[in-house]
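Peer 1: Data file target-v3.cif (mmCIF, C-alpha atoms) is appended below.
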```cif
data_entry
#
loop_
_atom_site.label_atom_id
_atom_site.label_comp_id
_atom_site.auth_asym_id
_atom_site.auth_seq_id
_atom_site.Cartn_x
_atom_site.Cartn_y
_atom_site.Cartn_z
CA MET A 991 -5.46 6.32 11.31
CA THR A 992 -8.32 4.61 9.55
CA GLU A 993 -10.38 4.74 12.70
CA ALA A 994 -9.71 8.47 13.04
CA ALA A 995 -10.64 9.07 9.40
CA ARG A 996 -13.72 6.94 9.83
CA GLN A 997 -14.97 8.79 12.87
CA LEU A 998 -14.24 12.15 11.31
CA LEU A 999 -16.19 11.11 8.20
CA GLU A 1000 -19.11 10.05 10.36
CA ASP A 1001 -18.93 13.45 12.02
CA CYS A 1002 -19.13 15.04 8.55
CA GLY A 1003 -22.27 13.10 7.69
CA VAL A 1004 -20.62 10.49 5.47
CA ASP A 1005 -21.62 6.85 5.79
CA GLN A 1006 -18.50 5.29 7.32
CA GLU A 1007 -18.86 2.09 5.35
CA ARG A 1008 -17.74 4.03 2.32
CA LEU A 1009 -14.21 3.73 3.64
CA ALA A 1010 -12.85 0.21 3.41
CA LEU A 1011 -9.55 -1.18 4.63
CA GLU A 1012 -8.74 -4.68 3.38
CA TRP A 1013 -5.71 -6.90 3.14
CA ALA A 1014 -4.66 -8.95 0.14
CA SER A 1015 -1.14 -10.18 -0.40
CA ALA A 1016 0.61 -10.11 -3.76
CA ALA A 1017 -0.23 -13.78 -4.30
CA GLU A 1018 -3.92 -13.39 -3.56
CA ALA A 1019 -5.34 -12.14 -6.85
CA PRO A 1020 -8.62 -14.07 -6.54
CA ARG A 1021 -9.16 -12.73 -3.05
CA PHE A 1022 -8.44 -9.22 -4.27
CA VAL A 1023 -10.99 -9.58 -7.06
CA GLU A 1024 -13.55 -10.86 -4.59
CA LEU A 1025 -12.95 -7.97 -2.19
CA ILE A 1026 -13.08 -5.28 -4.82
CA THR A 1027 -16.19 -6.71 -6.49
CA GLY A 1028 -18.00 -6.93 -3.16
CA TYR A 1029 -16.96 -3.44 -2.22
CA VAL A 1030 -18.01 -1.86 -5.53
CA SER A 1031 -21.41 -3.52 -5.39
CA SER A 1032 -21.95 -2.36 -1.81
CA ILE A 1033 -21.20 1.21 -2.90
CA LYS A 1034 -23.55 0.82 -5.86
CA GLU A 1035 -26.24 -0.17 -3.42
CA LYS A 1036 -25.62 2.89 -1.28
CA GLY A 1037 -25.78 5.22 -4.26
CA PRO A 1038 -23.82 8.40 -4.80
CA LEU A 1039 -22.20 10.28 -1.92
CA GLY A 1040 -24.90 11.99 0.11
CA ALA A 1041 -27.64 9.55 -0.88
CA ALA A 1042 -27.22 6.79 1.68
CA ALA A 1043 -29.26 6.69 4.88
CA GLY A 1044 -28.12 9.24 7.46
CA GLU A 1045 -26.06 11.30 5.03
CA ILE A 1046 -26.43 15.04 4.61
CA PRO A 1047 -26.98 16.89 1.30
CA ARG A 1048 -23.96 17.11 -0.93
CA GLU A 1049 -23.33 20.86 -0.91
CA GLU A 1050 -23.35 21.02 2.85
CA MET A 1051 -21.21 17.91 3.00
CA LYS A 1052 -18.65 19.45 0.72
CA ARG A 1053 -18.19 22.43 2.99
CA ARG A 1054 -18.03 20.17 5.99
CA LEU A 1055 -15.40 17.99 4.35
CA SER A 1056 -13.27 20.99 3.39
CA ALA A 1057 -13.32 21.99 7.03
CA ALA A 1058 -12.52 18.40 8.01
CA VAL A 1059 -9.40 18.34 5.81
CA LYS A 1060 -8.17 21.38 7.73
CA ALA A 1061 -9.08 19.69 11.00
CA ALA A 1062 -7.16 16.55 10.03
CA GLU A 1063 -4.13 18.74 9.29
CA ALA A 1064 -4.32 20.66 12.55
CA ARG A 1065 -1.60 20.15 15.07
CA LYS A 1066 -3.68 19.35 18.13
CA PRO A 1067 -5.60 16.33 16.82
CA ARG A 1068 -2.45 14.99 15.17
CA THR A 1069 -0.53 15.20 18.43
CA LEU A 1070 -3.36 13.45 20.22
CA LEU A 1071 -3.40 10.71 17.60
CA GLY A 1072 0.34 10.26 18.03
CA ASN A 1073 -0.04 10.05 21.79
CA LEU A 1074 -2.79 7.50 21.40
CA ALA A 1075 -0.58 5.39 19.13
CA LYS A 1076 2.14 5.48 21.78
CA LYS A 1077 -0.32 4.47 24.47
CA LEU A 1078 -1.65 1.59 22.39
CA ALA A 1079 1.87 0.37 21.71
CA LYS A 1080 2.61 0.43 25.43
CA SER A 1081 -0.49 -1.52 26.38
CA GLY A 1082 -0.09 -3.87 23.42
CA ASP A 1083 -3.85 -3.94 22.99
CA TYR A 1084 -4.59 -3.40 19.31
CA SER A 1085 -8.13 -4.74 19.31
CA PRO A 1086 -10.58 -2.75 17.17
CA GLU A 1087 -12.58 -1.92 20.29
CA ALA A 1088 -9.59 -0.44 22.10
CA ILE A 1089 -8.62 1.63 19.07
CA SER A 1090 -12.14 2.83 18.45
CA LYS A 1091 -12.63 3.76 22.08
CA GLY A 1092 -9.31 5.59 22.23
CA VAL A 1093 -10.03 7.57 19.09
CA SER A 1094 -13.56 8.53 20.07
CA GLN A 1095 -12.51 9.62 23.55
CA LYS A 1096 -9.19 11.27 22.89
CA VAL A 1097 -8.94 12.33 19.26
CA LEU A 1098 -12.44 12.89 17.95
CA PRO A 1099 -13.41 15.75 20.30
CA ALA A 1100 -10.37 17.76 19.19
CA MET A 1101 -10.97 16.98 15.51
CA ARG A 1102 -14.62 17.84 15.83
CA SER A 1103 -14.14 21.18 17.53
CA GLU A 1104 -11.40 22.07 15.06
CA ARG A 1105 -13.75 21.21 12.20
CA ILE A 1106 -16.59 23.24 13.69
CA ALA A 1107 -14.31 26.23 14.24
CA VAL A 1108 -13.10 26.13 10.62
CA GLU A 1109 -16.58 25.59 9.26
CA ALA A 1110 -18.08 28.38 11.35
CA ARG A 1111 -15.50 30.74 9.89
CA MET A 1112 -16.39 29.54 6.39
CA ILE A 1113 -20.05 30.31 7.05
CA LEU A 1114 -19.25 33.70 8.52
CA GLU A 1115 -17.24 34.61 5.47
CA GLU A 1116 -20.52 34.87 3.60
CA GLY A 1117 -21.94 37.32 6.13
CA PRO A 1118 -23.02 37.67 9.73
CA VAL A 1119 -25.39 35.05 11.09
CA ASP A 1120 -26.96 34.26 14.45
CA ILE A 1121 -26.08 31.27 16.55
CA ASP A 1122 -29.03 29.16 15.43
CA SER A 1123 -28.02 29.18 11.79
CA LEU A 1124 -24.43 28.47 12.79
CA CYS A 1125 -25.69 25.45 14.73
CA LYS A 1126 -27.67 24.30 11.74
CA GLY A 1127 -24.80 24.85 9.35
CA THR A 1128 -22.17 23.05 11.38
CA GLY A 1129 -24.33 20.42 13.00
CA ALA A 1130 -23.10 21.42 16.44
CA SER A 1131 -25.16 22.12 19.54
CA ALA A 1132 -25.46 25.69 20.83
CA GLN A 1133 -23.48 24.76 23.92
CA GLU A 1134 -20.63 23.34 21.85
CA LEU A 1135 -20.58 26.38 19.59
CA GLU A 1136 -20.46 28.81 22.52
CA LYS A 1137 -17.39 26.98 23.76
CA ILE A 1138 -15.71 27.11 20.35
CA MET A 1139 -16.63 30.70 19.54
CA ALA A 1140 -15.50 32.13 22.87
CA PRO A 1141 -11.73 31.81 22.20
CA LEU A 1142 -12.21 33.08 18.63
CA GLU A 1143 -13.93 36.13 20.06
CA LYS A 1144 -11.15 36.62 22.55
CA LYS A 1145 -8.54 36.50 19.84
CA GLY A 1146 -10.50 39.09 17.90
CA ILE A 1147 -11.20 36.83 14.93
CA VAL A 1148 -14.94 36.88 15.44
CA SER A 1149 -17.08 39.66 16.82
CA ARG A 1150 -20.54 39.45 18.24
CA LYS A 1151 -23.27 42.07 18.17
CA LYS A 1152 -26.86 41.55 19.26
CA ASN A 1153 -26.46 37.80 19.13
CA LYS A 1154 -25.13 37.89 15.58
CA PHE A 1155 -21.66 36.68 14.82
CA SER A 1156 -19.47 38.20 12.14
CA LEU A 1157 -15.84 38.04 11.15
CA ALA A 1158 -13.88 40.90 12.70
CA GLY A 1159 -13.01 43.68 10.32
CA ARG A 1160 -16.13 43.16 8.20
CA LYS A 1161 -19.48 44.88 8.15
CA MET B 395 -3.01 15.42 -2.12
CA ALA B 396 -2.71 16.74 -5.64
CA GLU B 397 -2.73 13.19 -6.89
CA VAL B 398 -6.04 12.61 -5.12
CA ASN B 399 -7.48 15.69 -6.83
CA ALA B 400 -6.24 14.67 -10.23
CA ALA B 401 -7.43 11.09 -9.97
CA LEU B 402 -10.95 12.21 -9.25
CA LYS B 403 -11.14 15.18 -11.57
CA GLU B 404 -10.62 13.39 -14.87
CA ASN B 405 -13.95 11.77 -15.27
CA GLU B 406 -16.28 14.35 -13.92
CA MET B 407 -18.11 14.65 -17.23
CA THR B 408 -19.05 11.03 -17.48
CA GLN B 409 -21.83 11.09 -14.95
CA GLU B 410 -24.63 9.27 -16.67
CA GLY B 411 -26.55 6.87 -14.52
CA PHE B 412 -24.75 5.97 -11.37
CA ASP B 413 -21.26 4.70 -11.85
CA PRO B 414 -19.56 4.98 -8.52
CA LYS B 415 -16.21 6.71 -8.36
CA ILE B 416 -13.97 4.83 -6.04
CA LEU B 417 -10.47 5.80 -5.09
CA GLY B 418 -8.11 2.99 -4.24
CA PHE B 419 -4.97 3.41 -2.20
CA PHE B 420 -2.93 0.30 -2.90
CA CYS B 421 0.26 -0.78 -1.21
CA HIS B 422 2.99 -1.29 -3.79
CA TRP B 423 4.04 -4.64 -2.31
CA CYS B 424 0.68 -6.24 -1.62
CA CYS B 425 -2.59 -5.10 -3.07
CA TYR B 426 -1.08 -3.36 -6.07
CA ALA B 427 0.78 -6.53 -6.96
CA ALA B 428 -2.41 -8.53 -6.36
CA ALA B 429 -4.32 -6.22 -8.68
CA ASP B 430 -1.57 -6.61 -11.22
CA SER B 431 -1.58 -10.37 -11.10
CA ALA B 432 -5.38 -10.38 -11.21
CA GLY B 433 -5.03 -8.53 -14.49
CA VAL B 434 -2.39 -10.88 -15.79
CA SER B 435 -4.45 -13.95 -14.98
CA ARG B 436 -7.48 -12.29 -16.56
CA TYR B 437 -9.83 -12.14 -13.65
CA GLN B 438 -12.71 -9.76 -14.20
CA TYR B 439 -13.34 -6.99 -11.72
CA PRO B 440 -15.30 -3.72 -11.84
CA PRO B 441 -13.50 -0.81 -13.50
CA ASN B 442 -14.69 1.79 -11.01
CA VAL B 443 -11.52 1.97 -8.99
CA ARG B 444 -8.91 4.64 -9.66
CA VAL B 445 -5.72 3.58 -8.13
CA ILE B 446 -3.12 5.57 -6.30
CA ARG B 447 -0.08 3.47 -5.56
CA VAL B 448 1.63 4.13 -2.25
CA MET B 449 4.83 2.50 -1.11
CA CYS B 450 3.17 1.34 2.09
CA THR B 451 -0.37 1.54 3.44
CA GLY B 452 1.10 3.33 6.45
CA ARG B 453 1.78 6.32 4.21
CA ILE B 454 -1.92 7.07 3.98
CA ASP B 455 -3.17 9.90 6.10
CA ALA B 456 -6.67 10.71 7.32
CA ARG B 457 -6.61 13.87 5.28
CA PHE B 458 -6.06 11.99 2.00
CA VAL B 459 -9.21 10.03 2.66
CA ILE B 460 -11.26 13.09 3.52
CA GLU B 461 -9.86 15.00 0.57
CA ALA B 462 -10.97 12.13 -1.67
CA PHE B 463 -14.54 12.38 -0.43
CA ARG B 464 -14.42 16.15 -0.76
CA CYS B 465 -13.44 15.75 -4.42
CA GLY B 466 -16.54 13.67 -4.91
CA ALA B 467 -15.42 10.07 -4.48
CA ASP B 468 -18.26 7.73 -3.60
CA GLY B 469 -15.95 5.41 -1.75
CA VAL B 470 -12.34 4.92 -0.71
CA PHE B 471 -10.80 1.47 -0.73
CA THR B 472 -7.54 1.02 1.10
CA GLY B 473 -5.70 -2.16 0.19
CA GLY B 474 -2.74 -3.36 2.18
#
```
Starting from the file, give its structure as structure tokens.
Peer 2:
Amino acid sequence: MTEAARQLLEDCGVDQERLALEWASAAEAPRFVELITGYVSSIKEKGPLGAAAGEIPREEMKRRLSAAVKAAEARKPRTLLGNLAKKLAKSGDYSPEAISKGVSQKVLPAMRSERIAVEARMILEEGPVDIDSLCKGTGASAQELEKIMAPLEKKGIVSRKKNKFSLAGRK
Amino acid sequence: MAEVNAALKENEMTQEGFDPKILGFFCHWCCYAAADSAGVSRYQYPPNVRVIRVMCTGRIDARFVIEAFRCGADGVFTGG
């Protein structure tokens, strides 16, 4: 789960070190204090959300994260994550590498395309745009977007005129 | 989810300088108890963490974490 969240955050332009997972038992108060102090100072170093190296501006990030919440709730990526958990249990290999590889190969693509689809719709809600600005807004490549928009067009959610996309039923 | 929203909403006005907002998901049996006993034995640790107690770390879902960042958390600390 953490790995999935981490990779989805990275996809949203959030520094993945902002998410920490640590263990401290009930008897380990000093260790807990050490962990939390170290973590807080590392975040202080990074600065506010959106300020660390490789992060995108905050407004854009907010939209991307709203789309990502929807993507994390979607059925397809959740099923894939469940299947991956089953597979890992069967193989008995719980090494971080195996988990990370499984998530990036099996789960992330579905989460990412779900996120892009949701975000593209959010952008289109503000008015029709061409594919380049959709690419810029969602951080996806044109090829990826074509693939994601095609089924939306087929379902009649999105319409396309002279290379401009708009939500169906709107002018 | 609502708890995540509420935990991060409270202090939106106090944004002077940079005081990171960190959301902590603590397991009731481990980290939460550790935090409690750290308090009892008077260890000092930074006050930036807002804690949500969960009955088990396994309860946490990817969408809680992302929702936290969406609400403007600067970091999420999961303690098991």
Peer 1: Would you please work out which residue, of A:Val1119, A:Leu1135, A:Val1023, A:Cys1002, is nearest to Lys1154 in chain A when using only C-alpha atoms?
Peer 2: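 Answer, going by the shortest atom-to-atom distance: A:Val1119.
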Peer 1: Apply the PyMOL selection byres ((chain B) within 10 of (chain A)) to the file shown and report the selected residues as a ChimeraX atom specification.
Peer 2: /B:412-443,451-452,454-474
Peer 1: Report, in Å with one decimal, the straight-line distance from CA of Leu1071 in chain A to CA of Val1097 in chain A.
Peer 2: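 Result for CA of Leu1071 in chain A versus CA of Val1097 in chain A: 6.0 Å, one decimal.
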Peer 1: Have a look at CA of Leu1070 in chain A and CA of Gly1127 in chain A and let me know their distance in Å, one decimal.
Peer 2: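 We find that CA of Leu1070 in chain A and CA of Gly1127 in chain A lie 26.6 Å from each other.
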Peer 1: Distance CA of Ala1132 in chain A-CA of Asp1120 in chain A, one decimal place?
Peer 2: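 Result for CA of Ala1132 in chain A versus CA of Asp1120 in chain A: 10.8 Å, one decimal.
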Peer 1: Would you pick out the contacts of Ile1138 in chain A at 8 Å or less, using only C-alpha atoms, so that residues sharing its chain but fewer than 6 positions from it are not included, and give the list as an mmCIF file with C-alpha atoms, in the frame of the given file?
Peer 2:
```
data_model
loop_
_atom_site.group_PDB
_atom_site.id
_atom_site.type_symbol
_atom_site.label_atom_id
_atom_site.label_comp_id
_atom_site.auth_asym_id
_atom_site.auth_seq_id
_atom_site.Cartn_x
_atom_site.Cartn_y
_atom_site.Cartn_z
ATOM 1 C CA SER A 1103 -14.140 21.180 17.530
ATOM 2 C CA ILE A 1106 -16.590 23.240 13.690
ATOM 3 C CA ALA A 1107 -14.310 26.230 14.240
#
```
Peer 1: Need the axis-aligned box for range 424-432 of chain B with 3 Å each side, so what are the centre and edges in Å to one decimal, as AutoDock Vina command-line options?
Peer 2:
```
--center_x -2.3 --center_y -6.9 --center_z -6.4 --size_x 12.2 --size_y 13.0 --size_z 15.6
```
Peer 1: Using all atoms listed in the file, which residues sit within 10 Å of Glu1116 in chain A once same-chain residues fewer than 5 positions away are excluded, as a ChimeraX atom specification?
Peer 2: /A:1111,1156-1157
Peer 1: At a cut-off of 10 Å, using all atoms listed in the file, what residues contact Phe1155 in chain A? Leave out same-chain residues fewer than 2 positions from it and give the result as a PyMOL selection string.
Peer 2: chain A and resi 1110-1111+1114+1117-1121+1124+1139+1143+1148-1153+1157-1158
Peer 1: Kindly output range 429-446 of chain B as a short mmCIF file (atom, residue, chain, number, x, y, z; two decimals), in the coordinates of the input, after building N, CA and C atoms.
Peer 2:
```cif
data_model
loop_
_atom_site.label_atom_id
_atom_site.label_comp_id
_atom_site.auth_asym_id
_atom_site.auth_seq_id
_atom_site.Cartn_x
_atom_site.Cartn_y
_atom_site.Cartn_z
N ALA B 429 -3.51 -6.76 -7.60
CA ALA B 429 -4.32 -6.22 -8.68
C ALA B 429 -3.65 -6.50 -10.02
N ASP B 430 -2.34 -6.37 -10.02
CA ASP B 430 -1.57 -6.61 -11.22
C ASP B 430 -1.70 -8.06 -11.66
N SER B 431 -1.53 -8.96 -10.72
CA SER B 431 -1.58 -10.37 -11.10
C SER B 431 -3.01 -10.79 -11.43
N ALA B 432 -3.99 -10.11 -10.84
CA ALA B 432 -5.38 -10.38 -11.21
C ALA B 432 -5.59 -10.03 -12.68
N GLY B 433 -4.95 -8.93 -13.09
CA GLY B 433 -5.03 -8.53 -14.49
C GLY B 433 -4.34 -9.53 -15.39
N VAL B 434 -3.17 -9.95 -14.98
CA VAL B 434 -2.39 -10.88 -15.79
C VAL B 434 -3.13 -12.21 -15.95
N SER B 435 -3.75 -12.67 -14.86
CA SER B 435 -4.45 -13.95 -14.98
C SER B 435 -5.90 -13.78 -15.44
N ARG B 436 -6.21 -12.60 -15.92
CA ARG B 436 -7.48 -12.29 -16.56
C ARG B 436 -8.71 -12.54 -15.71
N TYR B 437 -8.61 -12.16 -14.46
CA TYR B 437 -9.83 -12.14 -13.65
C TYR B 437 -10.59 -10.87 -14.02
N GLN B 438 -11.92 -10.95 -13.92
CA GLN B 438 -12.71 -9.76 -14.20
C GLN B 438 -13.05 -9.05 -12.90
N TYR B 439 -12.82 -7.75 -12.86
CA TYR B 439 -13.34 -6.99 -11.72
C TYR B 439 -13.77 -5.60 -12.17
N PRO B 440 -14.69 -4.97 -11.39
CA PRO B 440 -15.30 -3.72 -11.84
C PRO B 440 -14.26 -2.64 -12.09
N PRO B 441 -14.48 -1.83 -13.11
CA PRO B 441 -13.50 -0.81 -13.50
C PRO B 441 -13.68 0.51 -12.79
N ASN B 442 -14.37 0.52 -11.65
CA ASN B 442 -14.69 1.79 -11.01
C ASN B 442 -13.56 2.35 -10.15
N VAL B 443 -12.54 1.54 -9.94
CA VAL B 443 -11.52 1.97 -8.99
C VAL B 443 -10.40 2.73 -9.69
N ARG B 444 -10.11 3.93 -9.18
CA ARG B 444 -8.91 4.64 -9.66
C ARG B 444 -7.85 4.44 -8.61
N VAL B 445 -6.72 4.02 -9.09
CA VAL B 445 -5.72 3.58 -8.13
C VAL B 445 -4.63 4.61 -7.91
N ILE B 446 -4.32 4.82 -6.64
CA ILE B 446 -3.12 5.57 -6.30
C ILE B 446 -2.20 4.58 -5.60
#
```
